[in-house]
Amino acid sequence: MLDHVRALGRTGIDVVVSFGRSGQFLFGVLRGVPKPAVGFPLLVRQIYSVGVLSLAIVVVSGLFIGMVLGLQGYTILSDYGSESAIGQMIALTLVRELGPVVTALLFAGRAGSALTAEIGLMKATEQLSSMEMMGVDPLRRVISPRLWAGFYTMPVLALIFSVVGIWGGMLVGVEWLGVYDGSFWGNMQSSVEFVDDVLNGVIKSVVFGFVCAWIAVYQGYDCVPTSAGISSATTKTVVYSSLAVLGLDFVLTAVMFGNF
Amino acid sequence: MGSSAYISLENVVFSRSGRRIFDGISLDIPRGKVTAIMGPSGTGKTTLLKLIGGQLRPDSGSIRVDGHEVPRLKRTALYALRQKMGMLFQSGALFTDLSVFENVAFPIRVHTNLPEDMIRDIVLMKLEAVGLRGARDLMPSELSGGMTRRVALARSIALDPELIMYDEPFTGQDPIAMGVLVKLIRDLNSSMGLTSVLVSHDVTESLSICHFACIIADGKVIGQGTPEELRAHESERVQQFLQGQPDGPVPFHYPAEDATTDFGLGGKV
């Protein structure tokens with residue numbers, strides 16, 4: 001019994017220590033912004049690697065989720081004779097929730113895991129150590145551009161996801177199921193507010209982007225430099241990012257749309 | 001050795017994961033010479049290099065490099081001091097996404113504002129020194145183990161450091177590659193006036209090129225001196241290590257309970 005209590009206590013301490021270390025790590029990264037002439041090309045390369053290469057999965061997922069929303073929305077709304085509201089339903093669902101959340105989950109799975117594995121492998125092959133010994137700070141050179149690339153690309157990816165999703169919903173609702181396109185677009189325009197809906201969705205994706213990128217780079221930098229350690233860190237990135245996104249989404253939704 | 005020491009360790013204590021790696025180790029590494037640090041695997045030879053380079057901090061004791069107390073240096077000063085150091089890692093640690101040329105050019109690009117044609121000349125000179133000027137366009141994945149270490153060596157001398165540290169440079173090398181590395185270490189030291197620290201457990205190669213050597217075991221220096229002095233050392237542990245004897249003061253068997261009891265034969269025979 002005492003052993004279980006001790007193990008629980010040790011786990012609790014480990015979690016607190018890990019939070020502390022990741023906070024210190026983040027402080028070090030935020031403090032160590034590289035000079036623009038050096039940092040900008042590195043940032044552009046990471047935006048390509050983290051953002052542009054994630055476009056395919058984001059676009060395809062957005063298209064299918066929009067199409068499914070169109071089908072489900074039509075089936076439910078037509079029971080009440082309200083199928084003309086399908087455009088507003090799809091747009092609000094995507095812009096407020098599914099755009100930021102699903103993009104963040106896809107980002108964690110594709111880009112986050114790749115970031116962790118890349119940094120972990122650089123650690124295991126002593127590339128980070130050799131950089132330190134050359135008088136180059138790896139937090140500035142390697143970590144900072146990757147963190148900021150995640151921060152900048154996530155809102156853009158989430159907006160692309162929502163736009164493609166709305167287009168997919170239109171294909172199903174208007175082109176296939178015959179909803180009048182005037183009411184599809186008109187209802188959407190009259191009900192979707194820029195500040196309340198679009199901007200709040202962008203704020204969510206900014207937060208998710210920062211958190212997912214932070215988790216990914218920290219797990220890579222802090223991993224045990226062995227194959228098992230990198231594998232474990234990559235898994236942790238996807239699991240922790242997904243849980244953080246879903247948990248934060250609830251908090252942000254309550255703050256933004258609660259109206260208590 | 002006193003003032004001629006480039007690196008000086010005094011009563012350095014260092015522990016990791018509850019295990020004491022160094023227990024008050026003291027050592028002077030002379031300026032402008034090749035010093036070999038030898039010892040059985042797991043005695044903390046690589047850890048010693050990381051302590052000298054400031055990548056690890058000791059629990060107590062003093063580590064001075066060219067007059068600077070490394071553990072007390074602020075981050076900026078430490079990074080500035082590291083520009084005077086080169087380190088050859090056991091794996092080479094080349095950047096896998098950069099070509100051979102770009103790997104060698106990396107520290108020059110980061111730390112200087114030299115024009116591109118001058119960077120090209122310096123990189124080619126460094127690659128020429130290690131015999132790999134023709135391999136400039138290859139990627140690290142296309143290099144053999146020996147070539148990887150030679151490129152890493154070219155990169156570590158790119159900024160003309162005062163100190164170069166070699167971490168197990170001979171491990172896993174074929175005889176030709178080993179001979180090339182031995183020659184390079186000796187030639188670079190004499191031509192560039194470097195202070196070289198060589199961590200290795202390859203006795204023959206290390207003693208053939210070093211001016212001074214020390215053997216570490218159980219967190220302390222158990223023998224040091226010139227190669228001749230070490231060969232004539234009276235310590236049994238030093239002799240066991242130098243001659244590669246399987247049993248002696250360093251036992252063949254890892255500590256275990258009595259074999260009779262362990263095999264379940266106690267009291268039954």
# chains A, B, ... in the order shown; residues from 1 in each chain; ligands from 1
$ closest_atom_pairs --of "chain A" --to "chain B" --cutoff "12 Å" --atoms "only C-alpha atoms" --output "CSV"
residue,atom,partner,partner_atom,distance
A:Gly28,CA,B:Arg75,CA,11.5
A:Gly32,CA,B:Arg75,CA,11.6
A:Pro34,CA,B:Val110,CA,11.2
A:Lys35,CA,B:Val110,CA,11.1
A:Ala37,CA,B:Val110,CA,11.1
A:Val38,CA,B:Val110,CA,8.5
A:Gly39,CA,B:Val110,CA,11.4
A:Glu118,CA,B:Thr96,CA,10.6
A:Ile119,CA,B:Phe95,CA,11.8
A:Leu121,CA,B:Thr96,CA,10.2
A:Met122,CA,B:Phe95,CA,8.1
A:Lys123,CA,B:Ala93,CA,9.5
A:Ala124,CA,B:Ala93,CA,9.3
A:Thr125,CA,B:Ala93,CA,5.8
A:Glu126,CA,B:Ala93,CA,5.2
A:Gln127,CA,B:Ala93,CA,4.9
A:Leu128,CA,B:Ala93,CA,8.4
A:Ser129,CA,B:Gln55,CA,8.0
A:Ser130,CA,B:Ala93,CA,6.4
A:Met131,CA,B:Pro107,CA,8.7
A:Glu132,CA,B:Tyr79,CA,7.6
A:Met133,CA,B:Arg82,CA,5.8
A:Met134,CA,B:Gln83,CA,5.9
A:Gly135,CA,B:Tyr79,CA,4.4
A:Val136,CA,B:Tyr79,CA,7.1
A:Asp137,CA,B:Tyr79,CA,8.0
A:Pro138,CA,B:Tyr79,CA,11.5
A:Arg140,CA,B:Val110,CA,12.0
A:Arg141,CA,B:Val110,CA,10.0
A:Val142,CA,B:Phe95,CA,11.6
$ select_by_dssp --residues "segment 22-229 of chain B" --states "strand (DSSP E)" --output "VMD selection string"
chain B and resid 22 to 30 34 to 38 60 to 65 68 to 69 85 to 88 163 to 167 195 to 200 212 to 217 220 to 225
$ select_by_dssp --residues "segment 57-97 of chain B" --states "helix (DSSP H, G or I)" --output "VMD selection string"
chain B and resid 70 to 72 75 to 82
$ write_last_selection --atoms "N, CA, C and O atoms" --output "tab-separated table (two decimals), in the first residue's frame"
chain	number	residue	atom	x	y	z
B	70	VAL	N	35.37	27.57	-16.29
B	70	VAL	CA	34.26	27.20	-17.18
B	70	VAL	C	32.91	27.11	-16.47
B	70	VAL	O	31.91	27.67	-16.94
B	71	PRO	N	32.79	26.43	-15.32
B	71	PRO	CA	31.46	26.29	-14.71
B	71	PRO	C	30.84	27.61	-14.28
B	71	PRO	O	29.64	27.71	-14.10
B	72	ARG	N	31.68	28.64	-14.11
B	72	ARG	CA	31.14	29.93	-13.64
B	72	ARG	C	30.86	30.90	-14.78
B	72	ARG	O	30.38	32.00	-14.55
B	75	ARG	N	26.40	32.38	-20.02
B	75	ARG	CA	26.11	31.72	-21.30
B	75	ARG	C	26.88	32.35	-22.48
B	75	ARG	O	27.51	31.64	-23.27
B	76	THR	N	26.84	33.68	-22.57
B	76	THR	CA	27.49	34.36	-23.70
B	76	THR	C	29.00	34.11	-23.69
B	76	THR	O	29.60	33.83	-24.73
B	77	ALA	N	29.59	34.22	-22.48
B	77	ALA	CA	31.04	34.03	-22.37
B	77	ALA	C	31.41	32.58	-22.69
B	77	ALA	O	32.44	32.32	-23.32
B	78	LEU	N	30.56	31.65	-22.26
B	78	LEU	CA	30.83	30.23	-22.53
B	78	LEU	C	30.80	29.97	-24.04
B	78	LEU	O	31.68	29.29	-24.59
B	79	TYR	N	29.77	30.53	-24.72
B	79	TYR	CA	29.68	30.32	-26.17
B	79	TYR	C	30.86	30.98	-26.89
B	79	TYR	O	31.34	30.47	-27.89
B	80	ALA	N	31.34	32.12	-26.34
B	80	ALA	CA	32.50	32.77	-26.95
B	80	ALA	C	33.75	31.90	-26.76
B	80	ALA	O	34.55	31.75	-27.68
B	81	LEU	N	33.88	31.30	-25.57
B	81	LEU	CA	35.04	30.44	-25.31
B	81	LEU	C	35.00	29.20	-26.21
B	81	LEU	O	36.04	28.74	-26.70
B	82	ARG	N	33.80	28.70	-26.45
B	82	ARG	CA	33.69	27.50	-27.30
B	82	ARG	C	34.12	27.75	-28.74
B	82	ARG	O	34.43	26.80	-29.46
$ closest_residue --among "B:Asp247, B:Glu102, B:Glu168, B:Asp137" --to "Asp202 of chain B" --atoms "only C-alpha atoms"
B:Glu168
$ residues_around --residues "Val182 of chain B" --least-positions-apart "4" --cutoff "7 Å" --atoms "only C-alpha atoms" --output "VMD selection string"
chain B and resid 178 186 205
$ residues_around --residues "segment 3-14 of chain B" --least-positions-apart "5" --cutoff "10 Å" --atoms "only C-alpha atoms" --output "number ranges by chain"
B: 19-33, 44, 47-48, 51-52, 56-69, 162-163, 195-197, 219-220
$ atom_distance --atom1 "atom CA of Leu73 of chain B" --atom2 "atom CA of Val33 of chain A"
21.4 Å
$ residues_around --residues "segment 172-177 of chain A" --least-positions-apart "3" --cutoff "7 Å" --atoms "only C-alpha atoms" --output "compact mmCIF listing (two decimals) with N, CA, C and O atoms, in the first residue's frame"
# COMPACT_ATOMS: atom_id res chain seq x y z
N MET A 67 -18.07 17.67 -46.63
CA MET A 67 -19.05 16.86 -47.36
C MET A 67 -19.91 16.05 -46.38
O MET A 67 -21.13 15.94 -46.55
N GLY A 70 -22.34 18.28 -44.80
CA GLY A 70 -23.43 18.57 -45.73
C GLY A 70 -24.47 17.47 -45.72
O GLY A 70 -25.68 17.72 -45.64
N LEU A 71 -24.01 16.24 -45.77
CA LEU A 71 -24.93 15.09 -45.78
C LEU A 71 -25.71 14.99 -44.48
O LEU A 71 -26.95 14.88 -44.48
N TYR A 74 -28.09 17.99 -43.98
CA TYR A 74 -29.28 17.90 -44.84
C TYR A 74 -30.27 16.90 -44.26
O TYR A 74 -31.47 17.14 -44.19
N GLY A 168 -16.77 21.84 -49.74
CA GLY A 168 -17.21 20.44 -49.77
C GLY A 168 -18.66 20.32 -49.38
O GLY A 168 -19.45 19.57 -50.00
N GLY A 169 -19.09 21.09 -48.36
CA GLY A 169 -20.49 21.08 -47.94
C GLY A 169 -21.40 21.61 -49.03
O GLY A 169 -22.51 21.10 -49.25
N TYR A 180 -31.13 25.22 -52.55
CA TYR A 180 -31.02 26.45 -53.36
C TYR A 180 -29.75 27.20 -52.96
O TYR A 180 -29.55 27.51 -51.79
N ASP A 181 -28.90 27.50 -53.95
CA ASP A 181 -27.60 28.09 -53.60
C ASP A 181 -27.72 29.50 -53.01
O ASP A 181 -26.90 29.92 -52.20
$ residues_around --residues "segment 252-256 of chain A" --least-positions-apart "5" --cutoff "9 Å" --atoms "only C-alpha atoms" --output "PyMOL selection string"
chain A and resi 96-97+196+200+204+247
$ residues_around --residues "Ser61 of chain A" --least-positions-apart "5" --cutoff "12 Å" --atoms "only C-alpha atoms" --output "list in words"
Ser54, Leu55, Ala56, Gly66, Met67, Val68, Leu94, Leu98, Gly99, Val102, Thr103, Leu105, Leu106, Phe107, Leu157, Ala158, Ile160, Phe161, Ser162, Val163, Val164, Gly165, Ile166 and Gly168 of chain A
$ write_last_selection --atoms "N, CA and C atoms" --output "PDB file, in the first residue's frame"
ATOM      1  N   SER A  54       1.943  20.201 -44.891  1.00  0.00           N
ATOM      2  CA  SER A  54       0.731  19.700 -44.211  1.00  0.00           C
ATOM      3  C   SER A  54      -0.527  20.036 -45.018  1.00  0.00           C
ATOM      4  N   LEU A  55      -0.356  20.819 -46.096  1.00  0.00           N
ATOM      5  CA  LEU A  55      -1.525  21.282 -46.838  1.00  0.00           C
ATOM      6  C   LEU A  55      -2.370  20.135 -47.385  1.00  0.00           C
ATOM      7  N   ALA A  56      -1.701  19.110 -47.920  1.00  0.00           N
ATOM      8  CA  ALA A  56      -2.442  18.027 -48.583  1.00  0.00           C
ATOM      9  C   ALA A  56      -3.415  17.372 -47.611  1.00  0.00           C
ATOM     10  N   GLY A  66     -16.323  18.548 -44.625  1.00  0.00           N
ATOM     11  CA  GLY A  66     -17.364  19.442 -45.131  1.00  0.00           C
ATOM     12  C   GLY A  66     -18.455  18.667 -45.842  1.00  0.00           C
ATOM     13  N   MET A  67     -18.070  17.668 -46.632  1.00  0.00           N
ATOM     14  CA  MET A  67     -19.054  16.855 -47.359  1.00  0.00           C
ATOM     15  C   MET A  67     -19.915  16.051 -46.384  1.00  0.00           C
ATOM     16  N   VAL A  68     -19.301  15.489 -45.354  1.00  0.00           N
ATOM     17  CA  VAL A  68     -20.056  14.727 -44.359  1.00  0.00           C
ATOM     18  C   VAL A  68     -21.017  15.653 -43.613  1.00  0.00           C
ATOM     19  N   LEU A  94     -17.664  24.716 -38.831  1.00  0.00           N
ATOM     20  CA  LEU A  94     -16.252  24.662 -39.267  1.00  0.00           C
ATOM     21  C   LEU A  94     -15.440  25.818 -38.693  1.00  0.00           C
ATOM     22  N   LEU A  98     -14.671  22.907 -35.745  1.00  0.00           N
ATOM     23  CA  LEU A  98     -13.951  21.833 -36.428  1.00  0.00           C
ATOM     24  C   LEU A  98     -12.698  22.325 -37.150  1.00  0.00           C
ATOM     25  N   GLY A  99     -12.748  23.522 -37.702  1.00  0.00           N
ATOM     26  CA  GLY A  99     -11.565  24.056 -38.401  1.00  0.00           C
ATOM     27  C   GLY A  99     -10.347  24.080 -37.485  1.00  0.00           C
ATOM     28  N   VAL A 102      -9.795  20.219 -35.598  1.00  0.00           N
ATOM     29  CA  VAL A 102      -9.332  19.100 -36.437  1.00  0.00           C
ATOM     30  C   VAL A 102      -7.985  19.442 -37.086  1.00  0.00           C
ATOM     31  N   THR A 103      -7.809  20.701 -37.483  1.00  0.00           N
ATOM     32  CA  THR A 103      -6.504  21.084 -38.052  1.00  0.00           C
ATOM     33  C   THR A 103      -5.395  20.875 -37.026  1.00  0.00           C
ATOM     34  N   LEU A 105      -5.389  18.747 -34.546  1.00  0.00           N
ATOM     35  CA  LEU A 105      -5.150  17.308 -34.366  1.00  0.00           C
ATOM     36  C   LEU A 105      -4.338  16.749 -35.544  1.00  0.00           C
ATOM     37  N   LEU A 106      -4.676  17.215 -36.760  1.00  0.00           N
ATOM     38  CA  LEU A 106      -3.913  16.766 -37.931  1.00  0.00           C
ATOM     39  C   LEU A 106      -2.476  17.284 -37.872  1.00  0.00           C
ATOM     40  N   PHE A 107      -2.334  18.524 -37.412  1.00  0.00           N
ATOM     41  CA  PHE A 107      -1.009  19.137 -37.279  1.00  0.00           C
ATOM     42  C   PHE A 107      -0.149  18.335 -36.299  1.00  0.00           C
ATOM     43  N   LEU A 157      -3.591  27.313 -41.840  1.00  0.00           N
ATOM     44  CA  LEU A 157      -4.069  25.968 -42.173  1.00  0.00           C
ATOM     45  C   LEU A 157      -5.528  25.798 -41.750  1.00  0.00           C
ATOM     46  N   ALA A 158      -5.883  26.330 -40.562  1.00  0.00           N
ATOM     47  CA  ALA A 158      -7.255  26.188 -40.067  1.00  0.00           C
ATOM     48  C   ALA A 158      -8.225  26.939 -40.972  1.00  0.00           C
ATOM     49  N   ILE A 160      -7.774  27.569 -44.178  1.00  0.00           N
ATOM     50  CA  ILE A 160      -7.858  26.799 -45.432  1.00  0.00           C
ATOM     51  C   ILE A 160      -8.789  25.601 -45.228  1.00  0.00           C
ATOM     52  N   PHE A 161      -8.632  24.946 -44.068  1.00  0.00           N
ATOM     53  CA  PHE A 161      -9.491  23.785 -43.750  1.00  0.00           C
ATOM     54  C   PHE A 161     -10.964  24.210 -43.798  1.00  0.00           C
ATOM     55  N   SER A 162     -11.292  25.349 -43.169  1.00  0.00           N
ATOM     56  CA  SER A 162     -12.693  25.791 -43.111  1.00  0.00           C
ATOM     57  C   SER A 162     -13.217  26.144 -44.498  1.00  0.00           C
ATOM     58  N   VAL A 163     -12.396  26.839 -45.284  1.00  0.00           N
ATOM     59  CA  VAL A 163     -12.833  27.245 -46.624  1.00  0.00           C
ATOM     60  C   VAL A 163     -13.099  26.013 -47.492  1.00  0.00           C
ATOM     61  N   VAL A 164     -12.169  25.056 -47.456  1.00  0.00           N
ATOM     62  CA  VAL A 164     -12.344  23.837 -48.267  1.00  0.00           C
ATOM     63  C   VAL A 164     -13.539  23.040 -47.747  1.00  0.00           C
ATOM     64  N   GLY A 165     -13.716  23.015 -46.419  1.00  0.00           N
ATOM     65  CA  GLY A 165     -14.860  22.300 -45.826  1.00  0.00           C
ATOM     66  C   GLY A 165     -16.178  22.894 -46.281  1.00  0.00           C
ATOM     67  N   ILE A 166     -16.247  24.239 -46.296  1.00  0.00           N
ATOM     68  CA  ILE A 166     -17.491  24.907 -46.751  1.00  0.00           C
ATOM     69  C   ILE A 166     -17.748  24.564 -48.224  1.00  0.00           C
ATOM     70  N   GLY A 168     -16.770  21.843 -49.742  1.00  0.00           N
ATOM     71  CA  GLY A 168     -17.206  20.441 -49.769  1.00  0.00           C
ATOM     72  C   GLY A 168     -18.660  20.320 -49.378  1.00  0.00           C
TER      73      GLY A 168
END
$ atom_distance --atom1 "atom CA of Glu83 of chain A" --atom2 "atom CA of Val195 of chain A"
26.0 Å
$ closest_residue --among "B:Met147, B:Leu153, B:Val238, B:Leu114" --to "Gln173 of chain B" --atoms "only C-alpha atoms"
B:Met147
$ atom_distance --atom1 "atom CA of Leu198 of chain B" --atom2 "atom CA of Ala105 of chain B"
24.2 Å
$ closest_residue --among "B:Phe263, B:Gly223, B:His211, B:Ser200" --to "Gly42 of chain B" --atoms "only C-alpha atoms"
B:Ser200
$ decode --residues "segment 142-154 of chain B" --atoms "all heavy atoms" --output "mmCIF file, in the first residue's frame"
data_model
loop_
_atom_site.group_PDB
_atom_site.id
_atom_site.type_symbol
_atom_site.label_atom_id
_atom_site.label_comp_id
_atom_site.auth_asym_id
_atom_site.auth_seq_id
_atom_site.Cartn_x
_atom_site.Cartn_y
_atom_site.Cartn_z
ATOM 1 N N GLU B 142 26.377 9.556 -47.674
ATOM 2 C CA GLU B 142 27.184 8.900 -48.718
ATOM 3 C C GLU B 142 28.624 8.659 -48.278
ATOM 4 O O GLU B 142 29.430 8.190 -49.069
ATOM 5 C CB GLU B 142 27.184 9.776 -49.985
ATOM 6 C CG GLU B 142 25.800 9.981 -50.587
ATOM 7 C CD GLU B 142 25.800 10.988 -51.717
ATOM 8 O OE1 GLU B 142 25.983 12.186 -51.454
ATOM 9 O OE2 GLU B 142 25.622 10.565 -52.865
ATOM 10 N N LEU B 143 28.940 9.001 -47.017
ATOM 11 C CA LEU B 143 30.324 8.874 -46.545
ATOM 12 C C LEU B 143 30.520 7.604 -45.741
ATOM 13 O O LEU B 143 29.591 7.143 -45.058
ATOM 14 C CB LEU B 143 30.683 10.075 -45.654
ATOM 15 C CG LEU B 143 30.540 11.474 -46.256
ATOM 16 C CD1 LEU B 143 30.797 12.526 -45.187
ATOM 17 C CD2 LEU B 143 31.486 11.658 -47.430
ATOM 18 N N SER B 144 31.733 7.063 -45.766
ATOM 19 C CA SER B 144 32.060 5.941 -44.880
ATOM 20 C C SER B 144 32.330 6.505 -43.480
ATOM 21 O O SER B 144 32.433 7.725 -43.299
ATOM 22 C CB SER B 144 33.307 5.235 -45.402
ATOM 23 O OG SER B 144 34.424 6.086 -45.254
ATOM 24 N N GLY B 145 32.463 5.589 -42.499
ATOM 25 C CA GLY B 145 32.710 6.023 -41.121
ATOM 26 C C GLY B 145 33.970 6.866 -40.986
ATOM 27 O O GLY B 145 33.982 7.909 -40.326
ATOM 28 N N GLY B 146 35.047 6.413 -41.658
ATOM 29 C CA GLY B 146 36.313 7.140 -41.588
ATOM 30 C C GLY B 146 36.212 8.503 -42.242
ATOM 31 O O GLY B 146 36.728 9.505 -41.720
ATOM 32 N N MET B 147 35.518 8.568 -43.391
ATOM 33 C CA MET B 147 35.356 9.846 -44.086
ATOM 34 C C MET B 147 34.517 10.808 -43.249
ATOM 35 O O MET B 147 34.792 12.007 -43.181
ATOM 36 C CB MET B 147 34.703 9.623 -45.456
ATOM 37 C CG MET B 147 35.618 8.980 -46.481
ATOM 38 S SD MET B 147 34.685 8.390 -47.902
ATOM 39 C CE MET B 147 34.455 9.879 -48.845
ATOM 40 N N THR B 148 33.488 10.255 -42.597
ATOM 41 C CA THR B 148 32.627 11.098 -41.744
ATOM 42 C C THR B 148 33.462 11.793 -40.680
ATOM 43 O O THR B 148 33.331 12.991 -40.436
ATOM 44 C CB THR B 148 31.545 10.227 -41.070
ATOM 45 O OG1 THR B 148 30.758 9.627 -42.091
ATOM 46 C CG2 THR B 148 30.650 11.050 -40.159
ATOM 47 N N ARG B 149 34.372 11.019 -40.050
ATOM 48 C CA ARG B 149 35.183 11.633 -38.988
ATOM 49 C C ARG B 149 36.178 12.640 -39.543
ATOM 50 O O ARG B 149 36.478 13.633 -38.896
ATOM 51 C CB ARG B 149 35.909 10.543 -38.209
ATOM 52 C CG ARG B 149 34.924 9.881 -37.268
ATOM 53 C CD ARG B 149 35.514 8.963 -36.302
ATOM 54 N NE ARG B 149 34.457 7.991 -35.966
ATOM 55 C CZ ARG B 149 34.615 6.977 -35.183
ATOM 56 N NH1 ARG B 149 35.783 6.760 -34.632
ATOM 57 N NH2 ARG B 149 33.618 6.156 -34.936
ATOM 58 N N ARG B 150 36.648 12.393 -40.757
ATOM 59 C CA ARG B 150 37.582 13.362 -41.343
ATOM 60 C C ARG B 150 36.861 14.660 -41.696
ATOM 61 O O ARG B 150 37.404 15.751 -41.506
ATOM 62 C CB ARG B 150 38.252 12.760 -42.578
ATOM 63 C CG ARG B 150 39.358 11.762 -42.184
ATOM 64 C CD ARG B 150 39.580 10.714 -43.244
ATOM 65 N NE ARG B 150 40.193 11.224 -44.453
ATOM 66 C CZ ARG B 150 40.350 10.510 -45.559
ATOM 67 N NH1 ARG B 150 39.938 9.252 -45.596
ATOM 68 N NH2 ARG B 150 40.925 11.027 -46.621
ATOM 69 N N VAL B 151 35.613 14.542 -42.202
ATOM 70 C CA VAL B 151 34.844 15.762 -42.482
ATOM 71 C C VAL B 151 34.556 16.501 -41.164
ATOM 72 O O VAL B 151 34.684 17.726 -41.076
ATOM 73 C CB VAL B 151 33.511 15.421 -43.199
ATOM 74 C CG1 VAL B 151 32.649 16.667 -43.342
ATOM 75 C CG2 VAL B 151 33.779 14.816 -44.562
ATOM 76 N N ALA B 152 34.190 15.719 -40.128
ATOM 77 C CA ALA B 152 33.918 16.335 -38.822
ATOM 78 C C ALA B 152 35.179 17.027 -38.294
ATOM 79 O O ALA B 152 35.108 18.085 -37.669
ATOM 80 C CB ALA B 152 33.431 15.283 -37.842
ATOM 81 N N LEU B 153 36.324 16.423 -38.577
ATOM 82 C CA LEU B 153 37.597 17.017 -38.148
ATOM 83 C C LEU B 153 37.837 18.328 -38.901
ATOM 84 O O LEU B 153 38.223 19.343 -38.297
ATOM 85 C CB LEU B 153 38.727 16.018 -38.422
ATOM 86 C CG LEU B 153 40.122 16.369 -37.942
ATOM 87 C CD1 LEU B 153 40.118 16.738 -36.470
ATOM 88 C CD2 LEU B 153 41.079 15.186 -38.170
ATOM 89 N N ALA B 154 37.549 18.319 -40.204
ATOM 90 C CA ALA B 154 37.696 19.552 -40.995
ATOM 91 C C ALA B 154 36.775 20.632 -40.449
ATOM 92 O O ALA B 154 37.149 21.810 -40.352
ATOM 93 C CB ALA B 154 37.371 19.272 -42.462
#
